[in-house]
file start_18.txt (compact mmCIF, N, CA and C atoms)
# COMPACT_ATOMS: atom_id res chain seq x y z
N MET A 20 22.20 -12.02 -1.02
CA MET A 20 21.67 -13.36 -0.80
C MET A 20 22.81 -14.36 -0.79
N VAL A 21 22.73 -15.31 0.11
CA VAL A 21 23.72 -16.38 0.17
C VAL A 21 23.01 -17.71 0.36
N ASP A 22 23.67 -18.79 0.01
CA ASP A 22 23.08 -20.11 0.23
C ASP A 22 23.28 -20.53 1.69
N ASP A 23 22.68 -21.66 2.06
CA ASP A 23 22.74 -22.11 3.46
C ASP A 23 24.16 -22.39 3.93
N VAL A 24 24.98 -22.97 3.06
CA VAL A 24 26.36 -23.28 3.45
C VAL A 24 27.12 -22.00 3.78
N THR A 25 26.98 -20.98 2.94
CA THR A 25 27.66 -19.71 3.17
C THR A 25 27.13 -19.03 4.43
N LYS A 26 25.82 -19.05 4.59
CA LYS A 26 25.20 -18.43 5.78
C LYS A 26 25.73 -19.09 7.06
N LYS A 27 25.78 -20.41 7.07
CA LYS A 27 26.29 -21.13 8.25
C LYS A 27 27.75 -20.80 8.51
N ALA A 28 28.55 -20.71 7.44
CA ALA A 28 29.96 -20.37 7.60
C ALA A 28 30.12 -18.96 8.16
N LEU A 29 29.29 -18.04 7.71
CA LEU A 29 29.35 -16.67 8.23
C LEU A 29 28.96 -16.63 9.70
N TYR A 30 27.88 -17.29 10.04
CA TYR A 30 27.43 -17.30 11.44
C TYR A 30 28.45 -17.99 12.35
N ALA A 31 29.11 -19.01 11.85
CA ALA A 31 30.12 -19.74 12.63
C ALA A 31 31.46 -19.02 12.63
N GLN A 32 31.52 -17.89 11.95
CA GLN A 32 32.74 -17.09 11.83
C GLN A 32 33.89 -17.89 11.23
N GLN A 33 33.56 -18.78 10.28
CA GLN A 33 34.56 -19.56 9.58
C GLN A 33 35.14 -18.78 8.40
N VAL A 34 34.44 -17.74 8.00
CA VAL A 34 34.90 -16.88 6.92
C VAL A 34 34.72 -15.44 7.37
N SER A 35 35.37 -14.54 6.68
CA SER A 35 35.30 -13.13 7.02
C SER A 35 34.91 -12.33 5.79
N MET A 36 34.13 -11.30 5.99
CA MET A 36 33.74 -10.41 4.90
C MET A 36 34.58 -9.13 4.91
N THR A 37 35.66 -9.11 5.66
CA THR A 37 36.48 -7.91 5.69
C THR A 37 37.26 -7.81 4.39
N THR A 38 37.49 -6.60 3.97
CA THR A 38 38.21 -6.36 2.72
C THR A 38 38.93 -5.03 2.84
N TRP A 39 39.49 -4.56 1.75
CA TRP A 39 40.24 -3.32 1.74
C TRP A 39 39.34 -2.11 1.93
N SER A 40 39.87 -1.10 2.57
CA SER A 40 39.16 0.17 2.71
C SER A 40 39.18 0.90 1.36
N PRO A 41 38.25 1.85 1.16
CA PRO A 41 38.29 2.64 -0.07
C PRO A 41 39.63 3.35 -0.29
N ALA A 42 40.25 3.81 0.79
CA ALA A 42 41.55 4.49 0.65
C ALA A 42 42.62 3.53 0.16
N LYS A 43 42.62 2.30 0.67
CA LYS A 43 43.61 1.32 0.23
C LYS A 43 43.36 0.93 -1.22
N VAL A 44 42.07 0.80 -1.60
CA VAL A 44 41.74 0.48 -3.00
C VAL A 44 42.25 1.59 -3.92
N ALA A 45 41.96 2.84 -3.57
CA ALA A 45 42.39 3.97 -4.39
C ALA A 45 43.91 3.99 -4.51
N GLN A 46 44.61 3.74 -3.42
CA GLN A 46 46.08 3.71 -3.45
C GLN A 46 46.58 2.64 -4.42
N ARG A 47 46.00 1.45 -4.35
CA ARG A 47 46.45 0.36 -5.22
C ARG A 47 46.11 0.65 -6.68
N VAL A 48 44.95 1.25 -6.94
CA VAL A 48 44.60 1.63 -8.31
C VAL A 48 45.65 2.58 -8.86
N ARG A 49 46.04 3.58 -8.06
CA ARG A 49 47.07 4.54 -8.51
C ARG A 49 48.40 3.85 -8.80
N GLU A 50 48.75 2.86 -7.97
CA GLU A 50 50.01 2.14 -8.17
C GLU A 50 49.99 1.32 -9.47
N VAL A 51 48.86 0.72 -9.79
CA VAL A 51 48.77 -0.14 -10.97
C VAL A 51 48.57 0.68 -12.24
N PHE A 52 47.72 1.70 -12.18
CA PHE A 52 47.43 2.53 -13.36
C PHE A 52 48.34 3.75 -13.37
N VAL A 53 49.64 3.54 -13.41
CA VAL A 53 50.58 4.66 -13.37
C VAL A 53 50.42 5.60 -14.56
N GLU A 54 49.88 5.08 -15.66
CA GLU A 54 49.73 5.90 -16.86
C GLU A 54 48.61 6.95 -16.72
N ASP A 55 47.59 6.66 -15.93
CA ASP A 55 46.45 7.57 -15.77
C ASP A 55 45.75 7.28 -14.45
N PRO A 56 46.42 7.51 -13.33
CA PRO A 56 45.87 7.13 -12.04
C PRO A 56 44.59 7.86 -11.64
N GLY A 57 44.50 9.14 -11.96
CA GLY A 57 43.31 9.91 -11.58
C GLY A 57 42.06 9.40 -12.25
N THR A 58 42.13 9.14 -13.53
CA THR A 58 40.97 8.62 -14.25
C THR A 58 40.63 7.22 -13.76
N ALA A 59 41.63 6.40 -13.53
CA ALA A 59 41.38 5.03 -13.07
C ALA A 59 40.66 5.03 -11.73
N VAL A 60 41.07 5.88 -10.81
CA VAL A 60 40.38 5.96 -9.52
C VAL A 60 38.95 6.47 -9.71
N ALA A 61 38.77 7.44 -10.59
CA ALA A 61 37.43 7.96 -10.86
C ALA A 61 36.52 6.88 -11.43
N VAL A 62 37.04 6.07 -12.33
CA VAL A 62 36.25 4.98 -12.92
C VAL A 62 35.91 3.94 -11.85
N ALA A 63 36.89 3.56 -11.04
CA ALA A 63 36.63 2.58 -9.98
C ALA A 63 35.61 3.12 -8.98
N ARG A 64 35.73 4.39 -8.63
CA ARG A 64 34.77 5.01 -7.71
C ARG A 64 33.37 5.00 -8.32
N CYS A 65 33.28 5.33 -9.58
CA CYS A 65 32.00 5.33 -10.29
C CYS A 65 31.43 3.92 -10.36
N ALA A 66 32.27 2.94 -10.65
CA ALA A 66 31.81 1.57 -10.87
C ALA A 66 31.36 0.89 -9.58
N SER A 67 32.11 1.09 -8.49
CA SER A 67 31.86 0.28 -7.28
C SER A 67 31.95 1.05 -5.98
N PHE A 68 32.12 2.37 -6.05
CA PHE A 68 32.34 3.15 -4.83
C PHE A 68 33.60 2.69 -4.12
N LEU A 69 34.54 2.11 -4.87
CA LEU A 69 35.81 1.57 -4.36
C LEU A 69 35.58 0.42 -3.37
N ASP A 70 34.49 -0.32 -3.56
CA ASP A 70 34.12 -1.44 -2.70
C ASP A 70 34.48 -2.75 -3.40
N PRO A 71 35.47 -3.48 -2.91
CA PRO A 71 35.89 -4.72 -3.56
C PRO A 71 34.82 -5.81 -3.60
N LEU A 72 33.81 -5.72 -2.74
CA LEU A 72 32.78 -6.75 -2.69
C LEU A 72 31.49 -6.33 -3.39
N TYR A 73 31.55 -5.26 -4.16
CA TYR A 73 30.37 -4.75 -4.85
C TYR A 73 30.00 -5.69 -6.00
N VAL A 74 28.71 -6.02 -6.10
CA VAL A 74 28.19 -6.86 -7.18
C VAL A 74 27.00 -6.14 -7.78
N LEU A 75 26.95 -6.11 -9.09
CA LEU A 75 25.83 -5.49 -9.79
C LEU A 75 25.20 -6.51 -10.72
N PRO A 76 23.93 -6.88 -10.45
CA PRO A 76 23.25 -7.79 -11.37
C PRO A 76 22.77 -7.05 -12.61
N ASN A 77 22.85 -7.71 -13.75
CA ASN A 77 22.38 -7.14 -15.01
C ASN A 77 21.04 -7.74 -15.38
N THR A 78 20.31 -7.07 -16.24
CA THR A 78 18.98 -7.54 -16.63
C THR A 78 19.01 -8.86 -17.38
N ASN A 79 20.15 -9.22 -17.98
CA ASN A 79 20.25 -10.47 -18.72
C ASN A 79 20.67 -11.65 -17.85
N GLY A 80 20.76 -11.45 -16.54
CA GLY A 80 21.13 -12.51 -15.62
C GLY A 80 22.61 -12.59 -15.30
N SER A 81 23.43 -11.85 -16.02
CA SER A 81 24.86 -11.84 -15.72
C SER A 81 25.12 -10.84 -14.58
N ARG A 82 26.34 -10.79 -14.14
CA ARG A 82 26.71 -9.88 -13.06
C ARG A 82 28.05 -9.22 -13.34
N ASN A 83 28.28 -8.11 -12.65
CA ASN A 83 29.56 -7.41 -12.68
C ASN A 83 30.14 -7.50 -11.27
N TRP A 84 31.47 -7.66 -11.19
CA TRP A 84 32.10 -8.04 -9.92
C TRP A 84 33.24 -7.12 -9.52
N GLY A 85 33.26 -6.74 -8.23
CA GLY A 85 34.41 -6.12 -7.61
C GLY A 85 34.66 -4.67 -7.95
N VAL A 86 35.87 -4.24 -7.65
CA VAL A 86 36.27 -2.83 -7.74
C VAL A 86 35.94 -2.23 -9.10
N PHE A 87 36.32 -2.91 -10.18
CA PHE A 87 36.11 -2.38 -11.52
C PHE A 87 34.90 -3.00 -12.21
N GLN A 88 34.06 -3.70 -11.44
CA GLN A 88 32.82 -4.27 -11.99
C GLN A 88 33.07 -5.03 -13.28
N ILE A 89 33.92 -6.00 -13.21
CA ILE A 89 34.25 -6.82 -14.37
C ILE A 89 33.11 -7.81 -14.60
N SER A 90 32.62 -7.83 -15.83
CA SER A 90 31.46 -8.65 -16.17
C SER A 90 31.82 -10.13 -16.22
N ASP A 91 30.78 -10.97 -16.16
CA ASP A 91 30.98 -12.41 -16.29
C ASP A 91 31.75 -12.75 -17.56
N ALA A 92 31.36 -12.13 -18.67
CA ALA A 92 32.02 -12.41 -19.95
C ALA A 92 33.49 -12.02 -19.91
N ARG A 93 33.78 -10.85 -19.37
CA ARG A 93 35.18 -10.41 -19.29
C ARG A 93 35.97 -11.28 -18.32
N LEU A 94 35.33 -11.75 -17.24
CA LEU A 94 36.02 -12.65 -16.32
C LEU A 94 36.49 -13.90 -17.07
N ARG A 95 35.63 -14.44 -17.92
CA ARG A 95 36.03 -15.62 -18.70
C ARG A 95 37.22 -15.29 -19.59
N ASP A 96 37.19 -14.12 -20.22
CA ASP A 96 38.31 -13.70 -21.08
C ASP A 96 39.62 -13.60 -20.29
N LEU A 97 39.51 -13.26 -19.02
CA LEU A 97 40.69 -13.03 -18.17
C LEU A 97 41.05 -14.24 -17.32
N ASP A 98 40.43 -15.38 -17.60
CA ASP A 98 40.61 -16.58 -16.78
C ASP A 98 40.31 -16.32 -15.31
N GLY A 99 39.26 -15.55 -15.08
CA GLY A 99 38.87 -15.22 -13.73
C GLY A 99 37.57 -15.88 -13.32
N THR A 100 37.24 -15.70 -12.07
CA THR A 100 35.99 -16.19 -11.49
C THR A 100 35.43 -15.08 -10.61
N PRO A 101 34.17 -15.16 -10.23
CA PRO A 101 33.66 -14.16 -9.29
C PRO A 101 34.49 -14.09 -8.00
N LEU A 102 34.91 -15.22 -7.50
CA LEU A 102 35.73 -15.22 -6.29
C LEU A 102 37.04 -14.47 -6.51
N ARG A 103 37.70 -14.70 -7.62
CA ARG A 103 38.94 -13.97 -7.91
C ARG A 103 38.65 -12.48 -8.07
N ALA A 104 37.51 -12.15 -8.67
CA ALA A 104 37.15 -10.75 -8.89
C ALA A 104 36.94 -10.00 -7.59
N PHE A 105 36.62 -10.72 -6.51
CA PHE A 105 36.47 -10.08 -5.21
C PHE A 105 37.82 -9.77 -4.56
N ASP A 106 38.90 -10.33 -5.07
CA ASP A 106 40.24 -10.01 -4.58
C ASP A 106 40.60 -8.66 -5.21
N PRO A 107 40.68 -7.60 -4.40
CA PRO A 107 40.89 -6.27 -4.99
C PRO A 107 42.15 -6.16 -5.84
N ASP A 108 43.23 -6.79 -5.42
CA ASP A 108 44.46 -6.70 -6.20
C ASP A 108 44.28 -7.38 -7.56
N TRP A 109 43.69 -8.57 -7.58
CA TRP A 109 43.45 -9.26 -8.84
C TRP A 109 42.54 -8.43 -9.74
N ASN A 110 41.47 -7.88 -9.18
CA ASN A 110 40.50 -7.11 -9.95
C ASN A 110 41.17 -5.88 -10.57
N ILE A 111 41.95 -5.18 -9.81
CA ILE A 111 42.62 -3.97 -10.30
C ILE A 111 43.62 -4.32 -11.40
N ARG A 112 44.39 -5.38 -11.19
CA ARG A 112 45.35 -5.79 -12.22
C ARG A 112 44.63 -6.28 -13.47
N ALA A 113 43.50 -6.99 -13.30
CA ALA A 113 42.73 -7.45 -14.46
C ALA A 113 42.16 -6.25 -15.23
N ALA A 114 41.68 -5.25 -14.51
CA ALA A 114 41.16 -4.04 -15.16
C ALA A 114 42.28 -3.35 -15.94
N HIS A 115 43.47 -3.35 -15.40
CA HIS A 115 44.60 -2.74 -16.11
C HIS A 115 44.90 -3.53 -17.38
N ARG A 116 44.77 -4.85 -17.34
CA ARG A 116 44.96 -5.65 -18.55
C ARG A 116 43.94 -5.25 -19.61
N LEU A 117 42.68 -5.04 -19.20
CA LEU A 117 41.65 -4.59 -20.15
C LEU A 117 42.00 -3.21 -20.69
N TRP A 118 42.40 -2.31 -19.82
CA TRP A 118 42.77 -0.95 -20.21
C TRP A 118 43.93 -0.97 -21.21
N SER A 119 44.88 -1.87 -20.99
CA SER A 119 46.11 -1.92 -21.80
C SER A 119 45.87 -2.26 -23.26
N VAL A 120 44.74 -2.86 -23.58
CA VAL A 120 44.46 -3.23 -24.96
C VAL A 120 44.41 -1.98 -25.85
N ARG A 121 43.71 -0.94 -25.39
CA ARG A 121 43.56 0.28 -26.19
C ARG A 121 44.02 1.54 -25.46
N HIS A 122 44.51 1.36 -24.26
CA HIS A 122 44.94 2.48 -23.41
C HIS A 122 43.81 3.49 -23.21
N ASP A 123 42.62 2.93 -22.96
CA ASP A 123 41.48 3.78 -22.62
C ASP A 123 40.51 2.98 -21.73
N PHE A 124 39.48 3.65 -21.31
CA PHE A 124 38.54 3.06 -20.37
C PHE A 124 37.23 2.67 -21.07
N HIS A 125 37.31 2.22 -22.33
CA HIS A 125 36.10 1.89 -23.08
C HIS A 125 35.30 0.74 -22.46
N ASP A 126 35.93 -0.08 -21.63
CA ASP A 126 35.21 -1.17 -20.98
C ASP A 126 34.27 -0.70 -19.86
N TRP A 127 34.31 0.59 -19.56
CA TRP A 127 33.46 1.15 -18.50
C TRP A 127 32.62 2.31 -19.04
N PRO A 128 31.77 2.06 -20.03
CA PRO A 128 31.01 3.16 -20.64
C PRO A 128 30.03 3.83 -19.68
N SER A 129 29.57 3.10 -18.67
CA SER A 129 28.62 3.70 -17.73
C SER A 129 29.26 4.75 -16.84
N CYS A 130 30.57 4.82 -16.84
CA CYS A 130 31.26 5.81 -16.02
C CYS A 130 31.71 7.00 -16.86
N GLU A 131 31.00 7.26 -17.93
CA GLU A 131 31.35 8.36 -18.82
C GLU A 131 31.41 9.69 -18.07
N ALA A 132 30.51 9.89 -17.11
CA ALA A 132 30.53 11.14 -16.35
C ALA A 132 31.83 11.29 -15.59
N ALA A 133 32.33 10.19 -15.02
CA ALA A 133 33.59 10.24 -14.29
C ALA A 133 34.74 10.58 -15.23
N LEU A 134 34.67 10.01 -16.43
CA LEU A 134 35.73 10.27 -17.41
C LEU A 134 35.73 11.72 -17.85
N LYS A 135 34.56 12.29 -18.03
CA LYS A 135 34.47 13.68 -18.49
C LYS A 135 34.94 14.66 -17.42
N SER A 136 34.79 14.28 -16.15
CA SER A 136 35.16 15.21 -15.09
C SER A 136 36.62 15.10 -14.68
N THR A 137 37.35 14.14 -15.26
CA THR A 137 38.76 13.94 -14.90
C THR A 137 39.62 14.20 -16.12
N PRO A 138 40.50 15.20 -16.06
CA PRO A 138 41.37 15.45 -17.21
C PRO A 138 42.27 14.25 -17.48
N THR A 139 42.37 13.86 -18.73
CA THR A 139 43.21 12.71 -19.08
C THR A 139 44.38 13.10 -19.95
N GLY A 140 44.54 14.35 -20.22
CA GLY A 140 45.65 14.77 -21.04
C GLY A 140 45.31 16.05 -21.78
N LYS A 141 46.13 16.37 -22.74
CA LYS A 141 45.93 17.60 -23.50
C LYS A 141 44.78 17.43 -24.48
N PRO A 142 43.98 18.48 -24.67
CA PRO A 142 42.92 18.38 -25.66
C PRO A 142 43.51 18.23 -27.06
N LYS A 143 42.76 17.52 -27.89
CA LYS A 143 43.22 17.34 -29.26
C LYS A 143 43.07 18.65 -30.01
N SER A 144 44.07 18.97 -30.81
CA SER A 144 43.99 20.22 -31.59
C SER A 144 43.23 19.96 -32.88
N THR A 145 42.57 20.97 -33.34
CA THR A 145 41.85 20.85 -34.61
C THR A 145 42.77 21.32 -35.72
N PRO A 146 42.68 20.67 -36.89
CA PRO A 146 43.56 21.08 -37.99
C PRO A 146 43.26 22.51 -38.42
N LYS A 147 44.31 23.24 -38.72
CA LYS A 147 44.14 24.63 -39.21
C LYS A 147 43.86 24.60 -40.70
N SER A 148 43.02 25.50 -41.14
CA SER A 148 42.71 25.56 -42.57
C SER A 148 43.90 26.16 -43.32
N LYS A 149 44.06 25.72 -44.55
CA LYS A 149 45.15 26.24 -45.37
C LYS A 149 44.75 27.62 -45.91
N ARG A 150 45.71 28.46 -46.02
CA ARG A 150 45.43 29.81 -46.53
C ARG A 150 45.59 29.89 -47.98

call {"tool": "encode", "arguments": {"input": "start_18.txt", "output": "structure tokens"}}
result
Amino acid sequence: MVDDVTKKALYAQQVSMTTWSPAKVAQRVREVFVEDPGTAVAVARCASFLDPLYVLPNTNGSRNWGVFQISDARLRDLDGTPLRAFDPDWNIRAAHRLWSVRHDFHDWPSCEAALKSTPTGKPKSTPKSKR
């Protein structure tokens, strides 16, 4: 849904809805998330199908925006806006800032299946019992 001003601008071809291809998004995610590129691409694919213009409305009236589906609340934390979140490079770099806090993908719990299917490192060893 768009308002009348946006609809008129689209019809008059004053703006464009073109954006990055999924391949270009995946490439940029790998470049930014050098520490864990495979998992980062899997999370982005899970979150938005690698679509920079993807928007997901939430039941509480808020929304998630762009490649990494950054929420309204997180956008405020990152000094972002929905418009900035539609810029794939900004969105990917902002997601990396979120990731960098704990070096994990806890901000994307709905993509747990993607995380489980992508190896992220060596399994943790269990302590051996003392003899």

call {"tool": "closest_residue", "arguments": {"input": "start_18.txt", "among": "A:Thr100, A:Ser35, A:Ser40, A:Thr58", "to": "Trp127 in chain A", "atoms": "only C-alpha atoms"}}
result
A:Thr58

call {"tool": "closest_residue", "arguments": {"input": "start_18.txt", "among": "A:Thr78, A:Leu102, A:Ala114, A:Cys65", "to": "Leu134 in chain A", "atoms": "only C-alpha atoms"}}
result
A:Cys65

call {"tool": "atom_distance", "arguments": {"input": "start_18.txt", "atom1": "atom N of Ala113 in chain A", "atom2": "atom C of Arg95 in chain A"}}
result
12.2 Å

call {"tool": "closest_atom_pairs", "arguments": {"input": "start_18.txt", "of": "range 98-140 of chain A", "to": "range 45-52 of chain A", "cutoff": "12 Å", "atoms": "only C-alpha atoms", "output": "JSON lines"}}
result
{"residue": "A:Pro107", "atom": "CA", "partner": "A:Arg47", "partner_atom": "CA", "distance": 8.7}
{"residue": "A:Asp108", "atom": "CA", "partner": "A:Arg47", "partner_atom": "CA", "distance": 7.4}
{"residue": "A:Trp109", "atom": "CA", "partner": "A:Arg47", "partner_atom": "CA", "distance": 10.7}
{"residue": "A:Asn110", "atom": "CA", "partner": "A:Val48", "partner_atom": "CA", "distance": 9.8}
{"residue": "A:Ile111", "atom": "CA", "partner": "A:Val48", "partner_atom": "CA", "distance": 6.3}
{"residue": "A:Arg112", "atom": "CA", "partner": "A:Val51", "partner_atom": "CA", "distance": 6.7}
{"residue": "A:Ala113", "atom": "CA", "partner": "A:Val51", "partner_atom": "CA", "distance": 10.1}
{"residue": "A:Ala114", "atom": "CA", "partner": "A:Phe52", "partner_atom": "CA", "distance": 9.3}
{"residue": "A:His115", "atom": "CA", "partner": "A:Phe52", "partner_atom": "CA", "distance": 6.6}
{"residue": "A:Arg116", "atom": "CA", "partner": "A:Phe52", "partner_atom": "CA", "distance": 10.0}
{"residue": "A:Leu117", "atom": "CA", "partner": "A:Phe52", "partner_atom": "CA", "distance": 11.4}
{"residue": "A:Trp118", "atom": "CA", "partner": "A:Phe52", "partner_atom": "CA", "distance": 9.0}
{"residue": "A:Ser119", "atom": "CA", "partner": "A:Phe52", "partner_atom": "CA", "distance": 9.6}
{"residue": "A:His122", "atom": "CA", "partner": "A:Phe52", "partner_atom": "CA", "distance": 10.4}
{"residue": "A:Asp123", "atom": "CA", "partner": "A:Phe52", "partner_atom": "CA", "distance": 11.1}
{"residue": "A:Phe124", "atom": "CA", "partner": "A:Phe52", "partner_atom": "CA", "distance": 11.3}

call {"tool": "write_last_selection", "arguments": {"input": "start_18.txt", "atoms": "N, CA and C atoms", "output": "PDB file, in the frame of the given file"}}
result
ATOM      1  N   PRO A 107      40.680  -7.600  -4.400  1.00  0.00           N
ATOM      2  CA  PRO A 107      40.890  -6.270  -4.990  1.00  0.00           C
ATOM      3  C   PRO A 107      42.150  -6.160  -5.840  1.00  0.00           C
ATOM      4  N   ASP A 108      43.230  -6.790  -5.420  1.00  0.00           N
ATOM      5  CA  ASP A 108      44.460  -6.700  -6.200  1.00  0.00           C
ATOM      6  C   ASP A 108      44.280  -7.380  -7.560  1.00  0.00           C
ATOM      7  N   TRP A 109      43.690  -8.570  -7.580  1.00  0.00           N
ATOM      8  CA  TRP A 109      43.450  -9.260  -8.840  1.00  0.00           C
ATOM      9  C   TRP A 109      42.540  -8.430  -9.740  1.00  0.00           C
ATOM     10  N   ASN A 110      41.470  -7.880  -9.180  1.00  0.00           N
ATOM     11  CA  ASN A 110      40.500  -7.110  -9.950  1.00  0.00           C
ATOM     12  C   ASN A 110      41.170  -5.880 -10.570  1.00  0.00           C
ATOM     13  N   ILE A 111      41.950  -5.180  -9.810  1.00  0.00           N
ATOM     14  CA  ILE A 111      42.620  -3.970 -10.300  1.00  0.00           C
ATOM     15  C   ILE A 111      43.620  -4.320 -11.400  1.00  0.00           C
ATOM     16  N   ARG A 112      44.390  -5.380 -11.190  1.00  0.00           N
ATOM     17  CA  ARG A 112      45.350  -5.790 -12.220  1.00  0.00           C
ATOM     18  C   ARG A 112      44.630  -6.280 -13.470  1.00  0.00           C
ATOM     19  N   ALA A 113      43.500  -6.990 -13.300  1.00  0.00           N
ATOM     20  CA  ALA A 113      42.730  -7.450 -14.460  1.00  0.00           C
ATOM     21  C   ALA A 113      42.160  -6.250 -15.230  1.00  0.00           C
ATOM     22  N   ALA A 114      41.680  -5.250 -14.510  1.00  0.00           N
ATOM     23  CA  ALA A 114      41.160  -4.040 -15.160  1.00  0.00           C
ATOM     24  C   ALA A 114      42.280  -3.350 -15.940  1.00  0.00           C
ATOM     25  N   HIS A 115      43.470  -3.350 -15.400  1.00  0.00           N
ATOM     26  CA  HIS A 115      44.600  -2.740 -16.110  1.00  0.00           C
ATOM     27  C   HIS A 115      44.900  -3.530 -17.380  1.00  0.00           C
ATOM     28  N   ARG A 116      44.770  -4.850 -17.340  1.00  0.00           N
ATOM     29  CA  ARG A 116      44.960  -5.650 -18.550  1.00  0.00           C
ATOM     30  C   ARG A 116      43.940  -5.250 -19.610  1.00  0.00           C
ATOM     31  N   LEU A 117      42.680  -5.040 -19.200  1.00  0.00           N
ATOM     32  CA  LEU A 117      41.650  -4.590 -20.150  1.00  0.00           C
ATOM     33  C   LEU A 117      42.000  -3.210 -20.690  1.00  0.00           C
ATOM     34  N   TRP A 118      42.400  -2.310 -19.820  1.00  0.00           N
ATOM     35  CA  TRP A 118      42.770  -0.950 -20.210  1.00  0.00           C
ATOM     36  C   TRP A 118      43.930  -0.970 -21.210  1.00  0.00           C
ATOM     37  N   SER A 119      44.880  -1.870 -20.990  1.00  0.00           N
ATOM     38  CA  SER A 119      46.110  -1.920 -21.800  1.00  0.00           C
ATOM     39  C   SER A 119      45.870  -2.260 -23.260  1.00  0.00           C
ATOM     40  N   HIS A 122      44.510   1.360 -24.260  1.00  0.00           N
ATOM     41  CA  HIS A 122      44.940   2.480 -23.410  1.00  0.00           C
ATOM     42  C   HIS A 122      43.810   3.490 -23.210  1.00  0.00           C
ATOM     43  N   ASP A 123      42.620   2.930 -22.960  1.00  0.00           N
ATOM     44  CA  ASP A 123      41.480   3.780 -22.620  1.00  0.00           C
ATOM     45  C   ASP A 123      40.510   2.980 -21.730  1.00  0.00           C
ATOM     46  N   PHE A 124      39.480   3.650 -21.310  1.00  0.00           N
ATOM     47  CA  PHE A 124      38.540   3.060 -20.370  1.00  0.00           C
ATOM     48  C   PHE A 124      37.230   2.670 -21.070  1.00  0.00           C
TER      49      PHE A 124
END

call {"tool": "select_by_dssp", "arguments": {"input": "start_18.txt", "residues": "chain A", "states": "alpha helix (DSSP H)", "output": "ChimeraX atom specification"}}
result
/A:23-30,41-51,56-67,91-96,101-104,107-121,131-136

call {"tool": "residues_around", "arguments": {"input": "start_18.txt", "residues": "Cys130 in chain A", "least_positions_apart": "4", "cutoff": "8 Å", "atoms": "all atoms listed in the file", "output": "MDAnalysis selection string"}}
result
chainID A and resid 61:63 65:66 126 134:136

call {"tool": "select_by_dssp", "arguments": {"input": "start_18.txt", "residues": "chain A", "states": "strand (DSSP E or B)", "output": "list in words"}}
result
Val74, Leu75, Pro76, Arg82, Asn83, Trp84, Ile89 and Ser90 of chain A

call {"tool": "atom_distance", "arguments": {"input": "start_18.txt", "atom1": "CA of Trp39 in chain A", "atom2": "atom N of Pro71 in chain A"}}
result
6.7 Å

call {"tool": "residues_near_point", "arguments": {"input": "start_18.txt", "point": "(32.3, -1.7, -5.6)", "cutoff": "10 Å", "atoms": "only C-alpha atoms", "output": "CSV table (one decimal) with N, CA and C atoms, in the frame of the given file"}}
result
chain,number,residue,atom,x,y,z
A,41,PRO,N,38.2,1.8,1.2
A,41,PRO,CA,38.3,2.6,-0.1
A,41,PRO,C,39.6,3.4,-0.3
A,63,ALA,N,36.9,3.6,-11.0
A,63,ALA,CA,36.6,2.6,-10.0
A,63,ALA,C,35.6,3.1,-9.0
A,64,ARG,N,35.7,4.4,-8.6
A,64,ARG,CA,34.8,5.0,-7.7
A,64,ARG,C,33.4,5.0,-8.3
A,65,CYS,N,33.3,5.3,-9.6
A,65,CYS,CA,32.0,5.3,-10.3
A,65,CYS,C,31.4,3.9,-10.4
A,66,ALA,N,32.3,2.9,-10.6
A,66,ALA,CA,31.8,1.6,-10.9
A,66,ALA,C,31.4,0.9,-9.6
A,67,SER,N,32.1,1.1,-8.5
A,67,SER,CA,31.9,0.3,-7.3
A,67,SER,C,32.0,1.0,-6.0
A,68,PHE,N,32.1,2.4,-6.0
A,68,PHE,CA,32.3,3.2,-4.8
A,68,PHE,C,33.6,2.7,-4.1
A,69,LEU,N,34.5,2.1,-4.9
A,69,LEU,CA,35.8,1.6,-4.4
A,69,LEU,C,35.6,0.4,-3.4
A,70,ASP,N,34.5,-0.3,-3.6
A,70,ASP,CA,34.1,-1.4,-2.7
A,70,ASP,C,34.5,-2.8,-3.4
A,71,PRO,N,35.5,-3.5,-2.9
A,71,PRO,CA,35.9,-4.7,-3.6
A,71,PRO,C,34.8,-5.8,-3.6
A,72,LEU,N,33.8,-5.7,-2.7
A,72,LEU,CA,32.8,-6.8,-2.7
A,72,LEU,C,31.5,-6.3,-3.4
A,73,TYR,N,31.6,-5.3,-4.2
A,73,TYR,CA,30.4,-4.8,-4.8
A,73,TYR,C,30.0,-5.7,-6.0
A,74,VAL,N,28.7,-6.0,-6.1
A,74,VAL,CA,28.2,-6.9,-7.2
A,74,VAL,C,27.0,-6.1,-7.8
A,75,LEU,N,27.0,-6.1,-9.1
A,75,LEU,CA,25.8,-5.5,-9.8
A,75,LEU,C,25.2,-6.5,-10.7
A,83,ASN,N,28.3,-8.1,-12.6
A,83,ASN,CA,29.6,-7.4,-12.7
A,83,ASN,C,30.1,-7.5,-11.3
A,84,TRP,N,31.5,-7.7,-11.2
A,84,TRP,CA,32.1,-8.0,-9.9
A,84,TRP,C,33.2,-7.1,-9.5
A,85,GLY,N,33.3,-6.7,-8.2
A,85,GLY,CA,34.4,-6.1,-7.6
A,85,GLY,C,34.7,-4.7,-8.0
A,86,VAL,N,35.9,-4.2,-7.6
A,86,VAL,CA,36.3,-2.8,-7.7
A,86,VAL,C,35.9,-2.2,-9.1
A,87,PHE,N,36.3,-2.9,-10.2
A,87,PHE,CA,36.1,-2.4,-11.5
A,87,PHE,C,34.9,-3.0,-12.2
A,88,GLN,N,34.1,-3.7,-11.4
A,88,GLN,CA,32.8,-4.3,-12.0
A,88,GLN,C,33.1,-5.0,-13.3
A,105,PHE,N,36.6,-10.7,-6.5
A,105,PHE,CA,36.5,-10.1,-5.2
A,105,PHE,C,37.8,-9.8,-4.6
A,107,PRO,N,40.7,-7.6,-4.4
A,107,PRO,CA,40.9,-6.3,-5.0
A,107,PRO,C,42.2,-6.2,-5.8

call {"tool": "atom_distance", "arguments": {"input": "start_18.txt", "atom1": "CA of Gly80 in chain A", "atom2": "atom N of Thr37 in chain A"}}
result
26.0 Å

call {"tool": "residues_around", "arguments": {"input": "start_18.txt", "residues": "Ser81 in chain A", "least_positions_apart": "4", "cutoff": "7 Å", "atoms": "only N, CA and C atoms", "output": "count of residues only"}}
result
5
